[in-house]
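Structure, as structure tokens:
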Amino acid sequence: MFDRESIEVFLQKVPDLRHPWRAVLTLLYALVWAAACGAFFYFVDRLAPYGPLVSQAVICLVVTAISIVHFVQARAYRERYGALAYRYFFYHLMIPYLITWYACFFHPLFVGGPRLLPPWLAISLGILFLVFTALTSLHIERAGFHTVTHGMDVYTIFPEEATVVRGEIYGYVRHPLYLSLMCGTLALAFLRNNGLALLVALLLLIPSLAAGYMEDRELIERAGEEHQEYIQNTPSLVPVRRLGGFLKLLFSFQKQGSH
């Protein structure tokens, strides 16, 4: 998942992380963002019975806004900062983006409420969705999508350095990363086993769909008609019409060709 080549590419783009003290400061910066999100959830969740829905909706909208801004501003960062564009992009936008996104992801785990399902069923569904999360993530990496480069949006700033990922799991869904995140947050909601946690988890669809839309726009600029055709033939998140083949792929560890 974290191969040496992609790690080295990432460190070239953010050289500060090679220096121990700068890396520590970066971690502290991320922790401040995480603490701010945690405090916001803590206080708003307690204001009313549906406080968790309000707080999740607010932070999901923040994630969506950051997502839109970071796609729109990518070219401006390249023009202003040149070779160091991703370094500034990472500190200005990517850290806030990732922290707020994962704050929304984990939020259902802290939402309480009346039991929704029999415990055995809730635990079974939670484990099932966790398995889907792990398998989807595995196949994303196998298809050539690397967490520390593609996943950190390095190629949003430097698209000329990337190849467009196709085939394997991308033959079934255009944005399997967001599918994986949705499965993960739903797993946490089922493990909490209450309706409010489940609704909170579903709100993560807002930034997932928005980010997918922005990525498609960016890829149309890169790949043109090829990506437009890909959009027409491949669903964004859930491969309803090809669910059987998708599930077969998930539980298969044999290399497959493009679809």
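To be explicit about the labels: the chains of the structure tokens are called A, B, and onward in the order shown, and within each one the residues are counted from 1, while ligands get numbers from 1 in the order they are shown.
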Quiz prompt | Long-range neighbours of Ala85 in chain A as an MDAnalysis selection string, 9 Å cut-off, only C-alpha atoms, 6 positions minimum in chain | solution = chainID A and resid 13 74 76:79 157:158
Okay, now the selection with all heavy atoms, as an mmCIF file, in the first residue's frame?
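The resulting file, result_16.cif, is reproduced below:
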```cif
data_model
loop_
_atom_site.group_PDB
_atom_site.id
_atom_site.type_symbol
_atom_site.label_atom_id
_atom_site.label_comp_id
_atom_site.auth_asym_id
_atom_site.auth_seq_id
_atom_site.Cartn_x
_atom_site.Cartn_y
_atom_site.Cartn_z
ATOM 1 N N LYS A 13 7.806 16.153 -3.077
ATOM 2 C CA LYS A 13 6.850 17.249 -3.191
ATOM 3 C C LYS A 13 6.694 18.013 -1.881
ATOM 4 O O LYS A 13 6.380 19.214 -1.888
ATOM 5 C CB LYS A 13 5.477 16.716 -3.632
ATOM 6 C CG LYS A 13 5.495 15.908 -4.921
ATOM 7 C CD LYS A 13 6.059 16.694 -6.093
ATOM 8 C CE LYS A 13 5.982 15.870 -7.376
ATOM 9 N NZ LYS A 13 6.654 16.535 -8.508
ATOM 10 N N ALA A 74 -5.943 24.470 -8.037
ATOM 11 C CA ALA A 74 -4.745 23.686 -8.368
ATOM 12 C C ALA A 74 -3.860 24.390 -9.389
ATOM 13 O O ALA A 74 -2.642 24.495 -9.216
ATOM 14 C CB ALA A 74 -5.163 22.304 -8.882
ATOM 15 N N ALA A 76 -3.715 27.588 -10.078
ATOM 16 C CA ALA A 76 -3.143 28.805 -9.489
ATOM 17 C C ALA A 76 -1.929 28.469 -8.637
ATOM 18 O O ALA A 76 -0.938 29.214 -8.636
ATOM 19 C CB ALA A 76 -4.199 29.525 -8.644
ATOM 20 N N TYR A 77 -1.983 27.356 -7.918
ATOM 21 C CA TYR A 77 -0.821 26.944 -7.115
ATOM 22 C C TYR A 77 0.357 26.602 -8.012
ATOM 23 O O TYR A 77 1.507 26.953 -7.711
ATOM 24 C CB TYR A 77 -1.189 25.739 -6.237
ATOM 25 C CG TYR A 77 -1.751 26.136 -4.893
ATOM 26 C CD1 TYR A 77 -3.075 26.524 -4.751
ATOM 27 C CD2 TYR A 77 -0.952 26.135 -3.753
ATOM 28 C CE1 TYR A 77 -3.595 26.885 -3.517
ATOM 29 C CE2 TYR A 77 -1.452 26.498 -2.512
ATOM 30 C CZ TYR A 77 -2.777 26.877 -2.406
ATOM 31 O OH TYR A 77 -3.278 27.248 -1.177
ATOM 32 N N ARG A 78 0.111 25.912 -9.115
ATOM 33 C CA ARG A 78 1.196 25.579 -10.044
ATOM 34 C C ARG A 78 1.831 26.843 -10.597
ATOM 35 O O ARG A 78 3.063 26.948 -10.687
ATOM 36 C CB ARG A 78 0.658 24.720 -11.196
ATOM 37 C CG ARG A 78 0.318 23.303 -10.837
ATOM 38 C CD ARG A 78 0.147 22.433 -12.076
ATOM 39 N NE ARG A 78 -0.926 22.896 -12.946
ATOM 40 C CZ ARG A 78 -2.189 22.498 -12.857
ATOM 41 N NH1 ARG A 78 -2.542 21.647 -11.917
ATOM 42 N NH2 ARG A 78 -3.106 22.950 -13.702
ATOM 43 N N GLU A 79 1.003 27.792 -10.972
ATOM 44 C CA GLU A 79 1.524 29.020 -11.575
ATOM 45 C C GLU A 79 2.282 29.872 -10.561
ATOM 46 O O GLU A 79 3.278 30.517 -10.907
ATOM 47 C CB GLU A 79 0.366 29.822 -12.179
ATOM 48 C CG GLU A 79 -0.265 29.139 -13.379
ATOM 49 C CD GLU A 79 -1.513 29.857 -13.871
ATOM 50 O OE1 GLU A 79 -1.945 30.827 -13.182
ATOM 51 O OE2 GLU A 79 -2.053 29.471 -14.921
ATOM 52 N N ILE A 157 -2.076 18.545 -8.722
ATOM 53 C CA ILE A 157 -1.164 19.656 -8.961
ATOM 54 C C ILE A 157 -0.256 19.374 -10.155
ATOM 55 O O ILE A 157 0.040 20.263 -10.956
ATOM 56 C CB ILE A 157 -0.300 19.918 -7.707
ATOM 57 C CG1 ILE A 157 -1.192 20.376 -6.547
ATOM 58 C CG2 ILE A 157 0.767 20.965 -7.978
ATOM 59 C CD1 ILE A 157 -1.846 21.722 -6.757
ATOM 60 N N PHE A 158 0.192 18.127 -10.289
ATOM 61 C CA PHE A 158 1.115 17.766 -11.366
ATOM 62 C C PHE A 158 0.510 16.648 -12.229
ATOM 63 O O PHE A 158 1.008 15.513 -12.222
ATOM 64 C CB PHE A 158 2.461 17.325 -10.786
ATOM 65 C CG PHE A 158 3.155 18.371 -9.976
ATOM 66 C CD1 PHE A 158 3.213 18.277 -8.591
ATOM 67 C CD2 PHE A 158 3.739 19.475 -10.585
ATOM 68 C CE1 PHE A 158 3.853 19.257 -7.831
ATOM 69 C CE2 PHE A 158 4.381 20.450 -9.840
ATOM 70 C CZ PHE A 158 4.435 20.346 -8.453
#
```
Quiz prompt | Which of range 11-254 of chain A DSSP labels alpha helix (DSSP H), written as a count of residues only | solution = 165
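Among A:Gly244, A:Gly151, A:Gly38, A:Pro49, the residue with the shortest atom-to-atom distance to Tyr172 in chain A, counting only C-alpha atoms, is A:Gly244.
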Report as a tab-separated table the residues of range 190-249 of chain A within 10 Å of range 93-101 of chain A, each with its shortest atom pair and distance in Å (one decimal), using only C-alpha atoms, ordered by chain and increasing residue number.
```
residue	atom	partner	partner_atom	distance
A:Leu204	CA	A:Trp101	CA	8.4
A:Pro207	CA	A:Trp101	CA	8.1
A:Ser208	CA	A:Trp101	CA	9.5
```
Quiz prompt | Two-atom distance - CA of Gly212 in chain A, CA of Tyr102 in chain A (Å) | solution =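 Result for CA of Gly212 in chain A versus CA of Tyr102 in chain A: 16.5 Å, one decimal.
CA of Leu125 in chain A to CA of Leu191 in chain A spans 7.9 Å [interatomic distance, one decimal].
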Self-check item: Coordinates-based distance that separates CA of Asp153 in chain A from CA of Leu202 in chain A (Å, one decimal)
Solution: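 Distance between the two atoms: 24.0 Å.
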Quiz prompt | From A:Cys104, A:Leu17, A:Leu53, A:Val154, residue lying nearest Ala34 in chain A [only C-alpha atoms] | solution =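 When distances to Ala34 in chain A are compared using only C-alpha atoms, the smallest one comes from A:Cys104.
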Self-check item: Within 12 Å of Pro176 in chain A using only C-alpha atoms, minus same-chain residues under 3 positions, as a ChimeraX atom specification
Solution: /A:132-141,143,145,151,165-173,179-183,208-209,212,234-239,246,250
Atoms to include: N, CA and C atoms. Write the selected residues as a compact mmCIF listing (two decimals), in the first residue's frame.
```txt
# COMPACT_ATOMS: atom_id res chain seq x y z
N PHE A 132 -15.66 -5.29 3.14
CA PHE A 132 -15.78 -4.59 1.86
C PHE A 132 -14.79 -3.42 1.78
N THR A 133 -14.64 -2.70 2.90
CA THR A 133 -13.70 -1.58 2.94
C THR A 133 -12.28 -2.05 2.66
N ALA A 134 -11.87 -3.10 3.36
CA ALA A 134 -10.50 -3.62 3.21
C ALA A 134 -10.26 -4.14 1.79
N LEU A 135 -11.21 -4.90 1.27
CA LEU A 135 -11.03 -5.48 -0.07
C LEU A 135 -11.04 -4.42 -1.16
N THR A 136 -11.92 -3.44 -1.01
CA THR A 136 -11.96 -2.35 -1.99
C THR A 136 -10.64 -1.58 -1.98
N SER A 137 -10.12 -1.30 -0.79
CA SER A 137 -8.84 -0.59 -0.68
C SER A 137 -7.71 -1.40 -1.31
N LEU A 138 -7.73 -2.71 -1.08
CA LEU A 138 -6.70 -3.57 -1.66
C LEU A 138 -6.74 -3.53 -3.19
N HIS A 139 -7.93 -3.61 -3.76
CA HIS A 139 -8.04 -3.62 -5.21
C HIS A 139 -7.74 -2.25 -5.82
N ILE A 140 -7.99 -1.20 -5.08
CA ILE A 140 -7.61 0.13 -5.55
C ILE A 140 -6.10 0.21 -5.73
N GLU A 141 -5.35 -0.29 -4.75
CA GLU A 141 -3.89 -0.29 -4.85
C GLU A 141 -3.42 -1.19 -5.99
N ALA A 143 -4.85 -1.80 -8.68
CA ALA A 143 -5.14 -1.18 -9.98
C ALA A 143 -4.14 -0.09 -10.35
N PHE A 145 -3.51 2.72 -8.14
CA PHE A 145 -3.79 3.94 -7.39
C PHE A 145 -3.02 3.86 -6.08
N GLY A 151 -3.81 9.33 -3.74
CA GLY A 151 -4.72 9.58 -2.62
C GLY A 151 -4.50 10.91 -1.94
N VAL A 165 -5.67 5.98 -14.08
CA VAL A 165 -5.87 4.60 -13.63
C VAL A 165 -7.15 4.05 -14.25
N ARG A 166 -7.01 2.89 -14.91
CA ARG A 166 -8.15 2.22 -15.54
C ARG A 166 -8.06 0.72 -15.25
N GLY A 167 -9.11 -0.01 -15.60
CA GLY A 167 -9.09 -1.45 -15.45
C GLY A 167 -9.30 -1.89 -14.02
N GLU A 168 -9.30 -3.22 -13.80
CA GLU A 168 -9.52 -3.78 -12.47
C GLU A 168 -10.79 -3.19 -11.85
N ILE A 169 -10.72 -2.73 -10.64
CA ILE A 169 -11.90 -2.22 -9.94
C ILE A 169 -12.46 -0.97 -10.61
N TYR A 170 -11.60 -0.22 -11.31
CA TYR A 170 -12.05 0.99 -11.99
C TYR A 170 -12.89 0.67 -13.23
N GLY A 171 -12.94 -0.59 -13.60
CA GLY A 171 -13.83 -0.99 -14.66
C GLY A 171 -15.27 -1.13 -14.19
N TYR A 172 -15.46 -1.10 -12.87
CA TYR A 172 -16.79 -1.23 -12.29
C TYR A 172 -17.30 0.06 -11.66
N VAL A 173 -16.42 0.81 -11.03
CA VAL A 173 -16.82 2.09 -10.42
C VAL A 173 -15.72 3.12 -10.68
N LEU A 179 -16.22 4.91 -2.43
CA LEU A 179 -17.02 3.74 -2.06
C LEU A 179 -16.44 3.07 -0.83
N SER A 180 -15.12 2.94 -0.79
CA SER A 180 -14.45 2.34 0.36
C SER A 180 -14.70 3.14 1.63
N LEU A 181 -14.61 4.46 1.53
CA LEU A 181 -14.85 5.31 2.69
C LEU A 181 -16.30 5.22 3.16
N MET A 182 -17.24 5.13 2.21
CA MET A 182 -18.65 4.98 2.59
C MET A 182 -18.88 3.64 3.30
N CYS A 183 -18.28 2.59 2.79
CA CYS A 183 -18.43 1.28 3.44
C CYS A 183 -17.84 1.31 4.85
N SER A 208 -18.50 12.91 -0.84
CA SER A 208 -18.09 11.84 -1.76
C SER A 208 -18.56 12.14 -3.18
N LEU A 209 -19.82 12.50 -3.33
CA LEU A 209 -20.36 12.80 -4.66
C LEU A 209 -19.77 14.08 -5.23
N GLY A 212 -16.18 13.36 -6.28
CA GLY A 212 -16.21 12.56 -7.50
C GLY A 212 -16.53 13.40 -8.72
N THR A 234 -19.64 3.79 -16.80
CA THR A 234 -19.22 3.31 -15.49
C THR A 234 -19.85 4.16 -14.39
N PRO A 235 -20.55 3.55 -13.44
CA PRO A 235 -21.18 4.33 -12.37
C PRO A 235 -20.16 4.97 -11.45
N SER A 236 -20.60 5.98 -10.74
CA SER A 236 -19.70 6.73 -9.87
C SER A 236 -19.30 5.93 -8.63
N LEU A 237 -20.27 5.37 -7.91
CA LEU A 237 -19.97 4.71 -6.64
C LEU A 237 -20.44 3.27 -6.53
N VAL A 238 -21.64 2.97 -7.01
CA VAL A 238 -22.22 1.63 -6.80
C VAL A 238 -22.51 0.97 -8.15
N PRO A 239 -21.87 -0.16 -8.45
CA PRO A 239 -22.07 -0.84 -9.74
C PRO A 239 -23.32 -1.73 -9.71
N PHE A 246 -18.66 -7.32 -9.83
CA PHE A 246 -17.90 -6.51 -8.88
C PHE A 246 -17.58 -7.32 -7.63
N LEU A 250 -13.95 -8.41 -6.06
CA LEU A 250 -13.51 -8.09 -4.70
C LEU A 250 -12.91 -9.29 -4.00
```
Quiz item: Within 12 Å of Phe40 in chain A, counting only C-alpha atoms, which residues qualify if same-chain residues fewer than 2 places away don't, as number ranges by chain?
Solution: A: 33-38, 42-47, 51-52, 54-59, 100, 103-104, 107
Self-check item: Nearest-residue call for Tyr178 in chain A, choices A:Ala201, A:Ala211, A:His146, A:Leu25, using only C-alpha atoms
Solution: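 Nearest to Tyr178 in chain A: A:Ala211.
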